[in-house]
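Text of query-v3.csv (CSV, C-alpha atoms and all ligand atoms) as supplied:
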chain,number,residue,atom,x,y,z
A,17,SER,CA,0.0,0.0,0.0
A,18,THR,CA,3.0,2.3,0.5
A,19,SER,CA,3.7,2.1,-3.3
A,20,LEU,CA,0.7,4.4,-4.1
A,21,ARG,CA,2.8,7.6,-3.8
A,22,GLU,CA,2.5,10.9,-5.5
A,23,PRO,CA,5.6,13.0,-6.4
A,24,ASP,CA,5.7,16.4,-4.6
A,25,CYS,CA,2.9,15.4,-2.1
A,26,ILE,CA,3.9,16.8,1.3
A,27,PHE,CA,2.0,14.1,3.2
A,28,CYS,CA,3.5,11.3,1.1
A,29,ARG,CA,6.9,12.8,2.2
A,30,ILE,CA,5.8,12.8,5.8
A,31,VAL,CA,4.6,9.1,5.5
A,32,ALA,CA,8.1,8.3,4.0
A,33,GLY,CA,9.8,10.1,6.9
A,34,GLU,CA,11.4,12.6,4.5
A,35,ILE,CA,9.7,15.5,6.3
A,36,PRO,CA,9.7,15.3,10.1
A,37,SER,CA,6.5,15.1,12.1
A,38,GLU,CA,5.4,14.4,15.6
A,39,ARG,CA,3.8,11.0,15.2
A,40,VAL,CA,1.3,9.8,17.8
A,41,HIS,CA,0.3,6.6,16.0
A,42,GLU,CA,1.6,4.5,13.1
A,43,ASP,CA,0.7,1.1,11.7
A,44,SER,CA,0.9,-0.6,8.4
A,45,GLU,CA,-2.0,1.3,6.9
A,46,VAL,CA,-2.2,4.8,8.5
A,47,ILE,CA,-0.1,7.3,10.5
A,48,ALA,CA,-1.3,10.1,12.8
A,49,PHE,CA,0.8,13.2,13.6
A,50,ARG,CA,0.3,16.6,15.2
A,51,ASP,CA,-0.9,19.4,13.0
A,52,LEU,CA,1.7,22.2,12.6
A,53,SER,CA,-0.9,24.8,13.3
A,54,PRO,CA,-3.1,23.4,16.0
A,55,GLN,CA,-6.7,24.6,16.2
A,56,ALA,CA,-7.6,22.8,19.4
A,57,PRO,CA,-5.7,21.5,22.5
A,58,VAL,CA,-5.3,18.2,20.6
A,59,HIS,CA,-5.1,18.5,16.8
A,60,VAL,CA,-3.9,15.4,15.0
A,61,LEU,CA,-4.1,14.4,11.4
A,62,VAL,CA,-4.8,10.8,10.5
A,63,VAL,CA,-3.5,9.9,7.1
A,64,PRO,CA,-3.4,6.7,5.1
A,65,ARG,CA,0.0,5.7,3.9
A,66,GLU,CA,-1.3,5.3,0.3
A,67,HIS,CA,-2.0,8.5,-1.6
A,68,ARG,CA,-5.7,9.3,-2.2
A,69,ARG,CA,-6.7,12.8,-3.0
A,70,ASP,CA,-9.7,13.1,-0.8
A,71,VAL,CA,-12.3,11.2,1.1
A,72,ARG,CA,-14.3,10.6,-2.1
A,73,GLU,CA,-11.5,8.5,-3.3
A,74,LEU,CA,-11.6,6.5,-0.1
A,75,ARG,CA,-14.9,5.1,-1.1
A,76,ALA,CA,-12.9,2.6,-3.1
A,77,ARG,CA,-11.2,1.5,0.2
A,78,PRO,CA,-14.0,1.3,2.9
A,79,GLU,CA,-11.9,-0.7,5.3
A,80,LEU,CA,-9.2,2.0,5.2
A,81,LEU,CA,-11.8,4.7,5.9
A,82,SER,CA,-13.0,2.6,8.8
A,83,ARG,CA,-9.5,2.3,10.1
A,84,ILE,CA,-9.0,6.1,10.0
A,85,VAL,CA,-12.1,6.5,12.2
A,86,GLU,CA,-10.8,3.8,14.6
A,87,VAL,CA,-7.4,5.5,14.9
A,88,ALA,CA,-9.2,8.9,15.5
A,89,GLU,CA,-11.0,7.3,18.4
A,90,GLU,CA,-7.7,5.8,19.8
A,91,VAL,CA,-6.0,9.2,19.5
A,92,ALA,CA,-8.8,11.0,21.3
A,93,SER,CA,-8.8,8.5,24.1
A,94,ALA,CA,-5.0,8.5,24.5
A,95,GLN,CA,-4.6,12.3,24.2
A,96,ALA,CA,-7.8,13.7,25.6
A,97,ASP,CA,-11.1,12.6,27.3
A,98,GLY,CA,-12.2,10.4,24.3
A,99,ASP,CA,-14.5,13.0,22.8
A,100,PHE,CA,-13.5,14.4,19.4
A,101,ARG,CA,-14.5,16.2,16.2
A,102,LEU,CA,-13.6,14.5,12.9
A,103,ILE,CA,-13.2,16.7,9.8
A,104,PHE,CA,-12.5,15.9,6.2
A,105,ASN,CA,-12.1,19.1,4.2
A,106,THR,CA,-12.9,17.9,0.7
A,107,GLY,CA,-12.0,20.1,-2.2
A,108,ALA,CA,-10.5,23.6,-2.3
A,109,ASN,CA,-13.9,25.3,-1.8
A,110,ALA,CA,-14.2,23.4,1.5
A,111,GLY,CA,-10.8,24.6,2.6
A,112,GLN,CA,-8.7,21.6,1.6
A,113,THR,CA,-5.1,22.7,1.1
A,114,VAL,CA,-3.2,19.4,1.1
A,115,PHE,CA,-4.6,17.0,-1.5
A,116,HIS,CA,-3.6,13.7,0.3
A,117,VAL,CA,-6.7,12.7,2.3
A,118,HIS,CA,-6.5,13.4,6.0
A,119,ALA,CA,-8.9,13.4,8.9
A,120,HIS,CA,-8.5,16.3,11.4
A,121,VAL,CA,-9.0,15.0,14.9
A,122,LEU,CA,-9.8,17.9,17.3
A,123,ALA,CA,-10.1,17.1,21.0
A,124,GLY,CA,-9.3,18.3,24.4
A,125,GLY,CA,-12.4,20.5,24.4
A,126,PRO,CA,-14.9,22.0,25.0
A,127,LEU,CA,-14.4,23.0,21.3
A,128,ALA,CA,-15.7,26.1,19.8
A,129,GLU,CA,-18.3,25.8,16.9
A,130,GLY,CA,-16.9,26.3,13.5
A,131,ALA,CA,-13.2,25.3,14.1
A,132,LEU,CA,-11.7,24.7,10.7
C,201,LIG,P1,-6.5,21.0,5.1
C,201,LIG,O1,-6.7,22.5,5.1
C,201,LIG,O2,-6.0,20.5,3.8
C,201,LIG,O3,-7.7,20.3,5.5
C,201,LIG,O4,-5.5,20.8,6.2
C,201,LIG,C1,-4.1,20.7,6.0
C,201,LIG,C2,-3.5,20.7,7.4
C,201,LIG,O5,-2.2,20.3,7.3
C,201,LIG,C3,-3.5,22.2,8.0
C,201,LIG,O6,-4.2,22.2,9.2
C,201,LIG,C4,-2.0,22.4,8.2
C,201,LIG,O7,-1.7,23.1,9.4
C,201,LIG,C5,-1.4,21.0,8.2
C,201,LIG,N1,0.0,21.0,7.6
C,201,LIG,C6,0.4,21.5,6.4
C,201,LIG,N2,1.7,21.2,6.2
C,201,LIG,C7,2.1,20.4,7.3
C,201,LIG,C8,3.3,19.8,7.7
C,201,LIG,O8,4.3,19.9,7.0
C,201,LIG,N3,3.4,19.2,8.9
C,201,LIG,C9,2.3,19.1,9.7
C,201,LIG,N4,2.4,18.4,10.9
C,201,LIG,N5,1.1,19.7,9.4
C,201,LIG,C10,1.0,20.3,8.2
C,202,ZN,ZN,0.3,11.9,-0.9
For the structure just supplied, provide its representation as structure tokens.
Amino acid sequence: STSLREPDCIFCRIVAGEIPSERVHEDSEVIAFRDLSPQAPVHVLVVPREHRRDVRELRARPELLSRIVEVAEEVASAQADGDFRLIFNTGANAGQTVFHVHAHVLAGGPLAEGAL
């Protein structure tokens, strides 16, 4: 699954370890690391190792989407009280800036409405 790599993708480079990140979880399918610009006390990105542009492309990989949700739960339990907000910005008009699918996990609330 690691072979699905896109040249010049920043998150493919983070997955490969070519750009440093503060990882809080990794397994054979996904990694999770702290966002550079946190919008909540806990702000972690859960990213599949294989390159997919956005969550629409994950419809082809339902078990991987399921795994991302499971890791989000684990991160929220390990880093906060277990409650979390899960956000997939999908497309530029929705605020997506990195086109390698990622779930924002926001936790450590109470969280303000409208974050991200
Ligand atoms: P998007 O707007 O695409 O949903 O979110 C992209 C997120 O990636 C942003 O919250 C941004 O702060 C984060 N980000 C961008 N580049 C890097 C990076 O090199 N390292 C880390 N840890 N986060 C990044
Ligand atoms: Zn990528």
For the atom pair atom CA of A:Asp99 and atom CA of A:Val71, what is the interatomic distance in Å to one decimal place?
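About the pair atom CA of A:Asp99 and atom CA of A:Val71: they are 21.9 Å apart.
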Stretch 48-60 of chain A environment, 12 Å, all atoms listed in the file, sequence neighbours closer than 4 positions dropped, as a PyMOL selection string
chain A and resi 27+30-31+33+35-44+64-65+83-103+118-132
Compute the set of protein, DNA and RNA residues whose minimum atom distance to ligand ZN 202 (chain C) is at most 6 Å, using all atoms listed in the file, and state it as an MDAnalysis selection string.
chainID A and resid 21:22 25 27:28 67 116
Work out how far atom CA of A:Leu74 is from atom O8 of ligand LIG 201 (chain C), in Å to one decimal.
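So the answer is 22.0 Å.
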Of the residues A:Asn105, A:Leu81, A:Ile47, A:Leu61, which is the one nearest to A:Ala32, using all atoms listed in the file?
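That would be A:Ile47, the residue with the smallest distance to A:Ala32.
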How far is it from atom CA of A:Leu20 to atom CA of A:Arg68, in Å with one decimal?
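Spanning atom CA of A:Leu20 to atom CA of A:Arg68 is a straight-line distance of 8.3 Å.
Residue nearest A:Leu80, chosen from A:Asp24, A:Glu66, A:Phe104, A:Glu34 and counting only C-alpha atoms: A:Glu66.
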Pick from A:Ser82, A:Val63, A:Arg69, A:Ile26: nearest to ligand LIG 201 (chain C), with only C-alpha atoms and all ligand atoms counted?
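The shortest atom-to-atom distance to ligand LIG 201 (chain C) comes from A:Ile26.
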